[in-house]
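Trainee: Enclosed is the structure file upload_25.txt (compact mmCIF, C-alpha atoms).
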```txt
# COMPACT_ATOMS: atom_id res chain seq x y z
CA MET A 1349 -3.35 3.95 11.17
CA LYS A 1350 -6.86 4.40 9.83
CA ARG A 1351 -7.43 3.88 6.12
CA ALA A 1352 -10.63 4.38 4.11
CA TYR A 1353 -11.83 4.50 0.52
CA THR A 1354 -14.78 5.36 -1.65
CA SER A 1355 -15.71 2.88 -4.35
CA LEU A 1356 -17.05 4.35 -7.58
CA HIS A 1357 -20.00 2.75 -9.30
CA PRO A 1358 -22.48 3.71 -12.05
CA GLY A 1359 -24.42 6.80 -11.05
CA THR A 1360 -21.85 8.04 -8.55
CA LYS A 1361 -21.68 11.79 -8.14
CA HIS A 1362 -17.95 12.34 -7.95
CA GLU A 1363 -18.20 15.68 -6.14
CA GLN A 1364 -20.40 14.19 -3.42
CA ASP A 1365 -18.04 11.23 -3.19
CA LEU A 1366 -15.13 13.58 -2.49
CA LEU A 1367 -17.12 15.60 0.04
CA THR A 1368 -17.97 12.39 1.89
CA ALA A 1369 -14.24 11.65 2.11
CA VAL A 1370 -13.50 15.21 3.22
CA LYS A 1371 -15.97 14.94 6.12
CA TRP A 1372 -14.36 11.65 7.16
CA ALA A 1373 -10.88 13.21 7.06
CA GLN A 1374 -12.00 16.26 9.03
CA GLY A 1375 -13.34 13.93 11.68
CA GLN A 1376 -9.94 12.21 11.89
CA ALA A 1377 -7.88 15.41 12.11
CA GLN A 1378 -6.31 16.27 15.42
CA ASP A 1379 -5.84 19.79 16.80
CA GLY A 1380 -3.77 21.92 14.45
CA GLN A 1381 -3.77 19.41 11.59
CA GLN A 1382 -4.87 20.27 8.08
CA VAL A 1383 -6.65 17.96 5.67
CA THR A 1384 -4.94 17.68 2.29
CA VAL A 1385 -6.40 16.57 -1.03
CA TRP A 1386 -3.53 15.05 -3.02
CA SER A 1387 -4.45 14.68 -6.70
CA ALA A 1388 -2.50 12.76 -9.31
CA HIS A 1389 -2.68 15.72 -11.68
CA ARG A 1390 -3.80 19.31 -11.38
CA ASP A 1391 -6.62 18.66 -13.88
CA CYS A 1392 -8.13 15.83 -11.77
CA LEU A 1393 -10.25 18.38 -9.91
CA GLN A 1394 -12.28 21.14 -11.50
CA GLN A 1395 -11.14 24.64 -10.64
CA GLY A 1396 -14.45 25.43 -9.00
CA LEU A 1397 -14.18 22.37 -6.80
CA GLN A 1398 -10.59 23.24 -5.87
CA SER A 1399 -11.67 26.74 -4.86
CA GLY A 1400 -14.50 25.32 -2.78
CA LEU A 1401 -12.16 22.97 -0.96
CA ARG A 1402 -9.71 25.75 -0.18
CA LYS A 1403 -12.55 27.86 1.23
CA MET A 1404 -13.25 24.93 3.56
CA GLY A 1405 -9.63 25.08 4.77
CA ILE A 1406 -8.59 22.03 2.73
CA GLU A 1407 -5.17 22.19 1.07
CA VAL A 1408 -5.13 20.96 -2.54
CA VAL A 1409 -1.82 19.61 -3.85
CA ALA A 1410 -1.10 18.13 -7.29
CA GLU A 1411 1.49 15.42 -7.82
CA ARG A 1412 1.98 16.59 -11.40
CA PRO A 1413 2.95 19.24 -12.06
CA ARG A 1414 4.08 19.99 -8.53
CA ARG A 1415 4.31 23.65 -7.72
CA ARG A 1416 7.65 25.03 -6.60
CA GLY A 1417 8.18 24.54 -2.90
CA ALA A 1418 5.30 22.07 -2.54
CA PRO A 1419 5.85 19.28 -0.01
CA ALA A 1420 6.92 15.81 -1.04
CA PRO A 1421 4.33 13.13 -0.23
CA ARG A 1422 5.92 12.11 3.06
CA ASN A 1423 5.74 15.68 4.37
CA PHE A 1424 1.94 15.81 4.66
CA ARG A 1425 1.06 16.66 8.24
CA GLY A 1426 -2.51 15.50 8.60
CA PRO A 1427 -5.25 13.36 7.06
CA LEU A 1428 -4.74 12.79 3.35
CA LEU A 1429 -7.21 12.19 0.51
CA ALA A 1430 -5.67 10.66 -2.63
CA VAL A 1431 -7.62 11.44 -5.81
CA GLY A 1432 -7.10 10.38 -9.41
CA PHE A 1433 -4.26 7.89 -8.95
CA THR A 1434 -4.45 5.04 -11.45
CA THR A 1435 -1.32 3.08 -10.53
CA LEU A 1436 -0.48 1.25 -7.34
CA THR A 1437 3.02 2.73 -7.31
CA GLY A 1438 1.60 6.24 -7.14
CA VAL A 1439 -0.46 5.48 -4.05
CA LEU A 1440 2.38 3.59 -2.39
CA ASN A 1441 4.61 6.66 -2.58
CA VAL A 1442 3.11 7.75 0.75
CA GLU A 1443 3.22 4.40 2.54
CA PRO A 1444 3.75 3.96 5.37
CA PHE A 1445 1.75 7.06 6.25
CA GLU A 1446 1.43 8.24 9.84
CA HIS A 1447 -1.97 9.90 9.46
CA PRO A 1448 -5.42 8.75 8.32
CA MET A 1449 -5.64 8.33 4.55
CA CYS A 1450 -8.52 7.84 2.13
CA LEU A 1451 -8.32 6.66 -1.48
CA VAL A 1452 -11.12 8.52 -3.24
CA GLY A 1453 -12.68 6.78 -6.23
CA ALA A 1454 -11.06 3.40 -5.70
CA PHE A 1455 -12.64 1.77 -8.72
CA ASP A 1456 -14.09 2.97 -11.99
CA PRO A 1457 -16.06 0.25 -13.84
CA ARG A 1458 -14.86 1.65 -17.16
CA ASN A 1459 -11.42 0.21 -16.38
CA GLY A 1460 -12.60 -3.37 -16.81
CA ILE A 1461 -12.17 -6.29 -14.44
CA LEU A 1462 -12.26 -5.26 -10.80
CA ASP A 1463 -9.67 -7.79 -9.62
CA ASP A 1464 -7.05 -6.38 -12.00
CA HIS A 1465 -7.44 -2.79 -10.87
CA PRO A 1466 -4.41 -1.52 -8.90
CA HIS A 1467 -6.58 0.27 -6.32
CA VAL A 1468 -7.86 -3.11 -5.19
CA ARG A 1469 -4.33 -4.11 -4.17
CA TRP A 1470 -4.12 -1.20 -1.73
CA ILE A 1471 -7.53 -2.07 -0.32
CA GLU A 1472 -6.66 -5.74 0.09
CA ALA A 1473 -3.47 -4.76 1.89
CA PHE A 1474 -4.98 -2.38 4.44
CA ASP A 1475 -8.60 -3.56 4.72
CA PRO A 1476 -9.81 0.06 4.97
CA GLU A 1477 -13.28 1.33 5.81
CA CYS A 1478 -15.61 1.75 2.83
CA LEU A 1479 -17.18 5.22 3.01
CA ALA A 1480 -19.28 5.08 -0.16
CA GLY A 1481 -20.06 2.71 -3.01
CA PRO A 1482 -19.96 -1.11 -3.04
CA PRO A 1483 -17.43 -2.60 -0.59
CA ILE A 1484 -14.49 -4.48 -2.08
CA GLU A 1485 -13.96 -7.88 -0.47
CA VAL A 1486 -10.67 -8.38 1.38
CA PRO A 1487 -9.20 -11.89 1.74
CA GLU A 1488 -8.76 -13.15 5.30
CA PRO A 1489 -6.49 -14.48 6.52
CA LEU A 1490 -3.88 -13.01 4.23
CA ILE A 1491 -1.48 -15.89 4.89
CA ALA A 1492 -3.13 -19.25 5.50
CA ASP A 1493 0.06 -21.23 6.22
CA PRO A 1494 1.15 -20.41 9.81
CA VAL A 1495 4.75 -21.29 8.96
CA VAL A 1496 4.80 -18.69 6.19
CA ALA A 1497 3.13 -16.22 8.56
CA CYS A 1498 5.94 -16.74 11.09
CA ALA A 1499 8.50 -16.28 8.33
CA MET A 1500 6.80 -13.03 7.34
CA ASP A 1501 7.27 -11.71 10.88
CA SER A 1502 10.97 -12.57 10.60
CA PHE A 1503 11.28 -10.82 7.23
CA THR A 1504 9.83 -7.65 8.75
CA SER A 1505 12.34 -7.83 11.57
CA ILE A 1506 15.27 -8.61 9.28
CA THR A 1507 14.54 -5.56 7.13
CA TYR A 1508 13.99 -3.23 10.09
CA ASN A 1509 10.26 -2.91 9.51
CA GLY A 1510 10.56 -3.09 5.76
CA THR A 1511 13.12 -0.36 5.15
CA THR A 1512 16.20 -2.30 4.00
CA MET A 1513 15.00 -4.85 1.47
CA TYR A 1514 17.31 -3.16 -1.04
CA ASP A 1515 20.35 -3.96 1.12
CA SER A 1516 22.31 -6.95 -0.21
CA ARG A 1517 22.67 -8.42 3.27
CA ASP A 1518 19.14 -7.94 4.58
CA GLY A 1519 17.56 -8.58 1.20
CA GLY A 1520 19.76 -11.65 0.80
CA ARG A 1521 18.56 -13.12 4.08
CA VAL A 1522 14.93 -12.54 3.10
CA THR A 1523 15.59 -14.18 -0.27
CA ASP A 1524 17.19 -17.15 1.47
CA GLY A 1525 14.17 -17.42 3.77
CA LEU A 1526 11.78 -17.48 0.82
CA MET A 1527 13.89 -20.20 -0.79
CA LEU A 1528 13.83 -22.24 2.42
CA LEU A 1529 10.05 -22.05 2.49
CA HIS A 1530 9.71 -22.95 -1.17
CA HIS A 1531 12.14 -25.88 -1.05
CA GLY A 1532 10.58 -27.03 2.21
CA GLY A 1533 7.18 -27.41 0.57
CA HIS A 1534 5.58 -24.26 1.95
CA ARG A 1535 3.94 -22.56 -1.00
CA PHE A 1536 3.13 -18.87 -0.78
CA ASP A 1537 1.29 -16.30 -2.84
CA PRO A 1538 3.60 -13.33 -3.59
CA GLU A 1539 0.60 -10.98 -3.69
CA ARG A 1540 -0.50 -12.04 -0.20
CA LEU A 1541 3.06 -11.58 1.09
CA PHE A 1542 3.04 -8.13 -0.48
CA PHE A 1543 -0.22 -7.26 1.30
CA ALA A 1544 1.18 -8.56 4.58
CA ALA A 1545 4.32 -6.47 4.16
CA LEU A 1546 2.26 -3.31 3.71
CA ARG A 1547 0.12 -4.16 6.75
CA ASP A 1548 3.34 -4.62 8.73
CA GLY A 1549 4.35 -1.06 7.84
CA TRP A 1550 6.87 -1.71 5.08
CA GLU A 1551 7.81 1.18 2.83
CA GLY A 1552 5.90 0.89 -0.42
CA SER A 1553 9.00 0.63 -2.61
CA GLN A 1554 10.50 -2.08 -0.39
CA ALA A 1555 7.26 -4.07 -0.37
CA LEU A 1556 7.19 -4.00 -4.18
CA MET A 1557 10.78 -5.23 -4.27
CA PHE A 1558 9.89 -8.00 -1.83
CA LYS A 1559 6.96 -9.08 -3.99
CA GLN A 1560 9.20 -9.36 -7.06
CA VAL A 1561 11.71 -11.56 -5.21
CA ALA A 1562 8.84 -13.72 -3.90
CA ARG A 1563 7.53 -14.08 -7.46
CA ASP A 1564 10.92 -15.20 -8.72
CA VAL A 1565 11.35 -17.75 -5.94
CA ALA A 1566 7.80 -19.08 -6.39
CA ARG A 1567 8.50 -19.55 -10.11
CA GLY A 1568 11.64 -21.51 -9.35
CA VAL A 1569 14.13 -18.87 -10.46
CA ARG A 1570 17.57 -19.77 -9.10
CA LYS A 1571 18.81 -17.16 -6.65
CA ARG A 1572 22.20 -16.76 -5.03
CA PRO A 1573 21.67 -14.52 -2.02
CA GLY A 1574 24.76 -12.82 -0.67
CA GLU A 1575 23.72 -13.51 2.92
CA ARG A 1576 21.94 -16.54 4.32
CA LEU A 1577 19.99 -17.31 7.45
CA GLY A 1578 21.42 -19.51 10.15
CA PRO A 1579 20.75 -23.25 10.40
CA GLY A 1580 17.46 -24.41 11.83
CA VAL A 1581 15.47 -21.35 10.80
CA LEU A 1582 12.83 -23.31 8.90
CA GLN A 1583 12.38 -25.69 11.81
CA HIS A 1584 12.00 -22.71 14.13
CA TRP A 1585 9.24 -21.28 11.93
CA ARG A 1586 7.54 -24.65 11.87
CA SER A 1587 7.66 -24.95 15.65
CA ALA A 1588 6.46 -21.39 16.18
CA GLY A 1589 3.67 -21.85 13.65
CA GLY A 1590 2.36 -24.81 15.53
```
Could you show the structure in this file as structure tokens?

Mentor:
Amino acid sequence: MKRAYTSLHPGTKHEQDLLTAVKWAQGQAQDGQQVTVWSAHRDCLQQGLQSGLRKMGIEVVAERPRRRGAPAPRNFRGPLLAVGFTTLTGVLNVEPFEHPMCLVGAFDPRNGILDDHPHVRWIEAFDPECLAGPPIEVPEPLIADPVVACAMDSFTSITYNGTTMYDSRDGGRVTDGLMLLHHGGHRFDPERLFFAALRDGWEGSQALMFKQVARDVARGVRKRPGERLGPGVLQHWRSAGG
């Protein structure tokens, strides 16, 4: 699914930045779909701007406080513009999303070092189109070791496209697979695995859980998974990875 962002920089006119994103979203909308601006808080957008958007046929929804009867994030039925979110978890509440999505104002230089900003994580995961502002570089390939890449495909399959990492059996098998890689000398970057999980369509909460397990295994934390993979799995990944 298409993803995009606008990258803030000194001198950016925030209203124009949002309108650029709105035009992009309108161009992505299919017949009968409505563009929604989803703000982290009701005060993220000035009242005058909210009124202007509604006159354009754009729905404006606030995460906090959410008005009675307002849809939960996964109920949006068309292109979505996310505005004012400062945490990665907030943005991931809608992933995977079945419609085009744009993160508006992906970086504010007042927040300090670019690499530490949570918006960058979403951008590195999805490699979206930059609509305005300086593009943010995305690492390619995400996973350099082909054996780890093959394992990642297996993890997505084991968890039914990233929906059952919480399950002790499925999550246990993924944990065992990470341990096999680590003990077999295949080092991995938990952040890159996290990005790959999101690109593979994992639910945001499950991808975050996966990243934490990968961090623990990479640090050498002893794990005792309740379920384990069958014999020869690591050799299979090595053969498939070429």

Trainee: I'd like the interatomic distance between atom CA of Ala1388 of chain A and atom CA of Asn1509 of chain A, to a tenth of an Å.

Mentor: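 Going from atom CA of Ala1388 of chain A over to atom CA of Asn1509 of chain A covers 27.6 Å.
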
Trainee: So which residues touch segment 1437-1447 of chain A within 10 Å, counting only C-alpha atoms, skipping near sequence neighbours fewer than 5 positions away, as an MDAnalysis selection string?

Mentor: chainID A and resid 1349:1351 1373 1376:1378 1381 1388 1411 1420:1428 1430:1432 1466:1467 1470 1510 1546:1553 1555:1556

Trainee: Between atom CA of Cys1450 of chain A and atom CA of Pro1476 of chain A, what is the distance, to one decimal in Å?

Mentor: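 It comes out at 8.4 Å.
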
Trainee: Which of these, A:Arg1416, A:Pro1448, A:Arg1586, A:Lys1571, has the shortest distance to Gly1533 of chain A once you count only C-alpha atoms?

Mentor: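 Looking at the shortest contact to Gly1533 of chain A, the residue is A:Arg1586.
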
Trainee: For segment 1493-1506 of chain A, work out the shell of residues within 10 Å, counting only C-alpha atoms and skipping chain neighbours fewer than 6 positions away, then give it as a PyMOL selection string.

Mentor: chain A and resi 1512-1513+1517-1519+1521-1523+1525-1526+1528-1530+1534-1537+1541-1542+1544-1545+1548-1550+1558+1581-1590

Trainee: For atom CA of Asp1564 of chain A and atom CA of Tyr1514 of chain A, quote the distance in Å rounded to one decimal.

Mentor: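 Taking atom CA of Asp1564 of chain A and atom CA of Tyr1514 of chain A, their separation equals 15.6 Å.
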
Trainee: Can you pull out the residues contacting Met1404 of chain A? Cut-off 12 Å, using all atoms listed in the file, and skip same-chain residues under 4 positions away; I want them as a list in words.

Mentor: Leu1367, Val1370, Lys1371, Gln1374, Gln1382, Val1383, Thr1384, Val1385, Leu1397, Gln1398, Ser1399, Gly1400 and Val1408 of chain A

Trainee: Name the closest residue to Ala1369 of chain A among the candidates A:Glu1539, A:Glu1488, A:Glu1477, A:Glu1575; distances are taken between atoms, counting all atoms listed in the file.

Mentor: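 For Ala1369 of chain A, the nearest of the candidates is A:Glu1477.
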
Trainee: Find, counting all atoms listed in the file, the residue in A:Pro1538, A:Pro1579, A:Gly1405, A:Gly1481 that gets nearest to Asp1365 of chain A.

Mentor: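 Nearest candidate to Asp1365 of chain A out of A:Pro1538, A:Pro1579, A:Gly1405, A:Gly1481: A:Gly1481.
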
Trainee: Using the file's own x, y and z axes, what box holds all listed atoms of segment 1581-1586 of chain A with 5 Å on each side, keeping edges along x, y and z, and what are its centre and edge lengths in Å to one decimal, as lines of an AutoDock Vina configuration file?

Mentor:
```
center_x = 11.5
center_y = -23.5
center_z = 11.5
size_x = 17.9
size_y = 14.4
size_z = 15.2
```
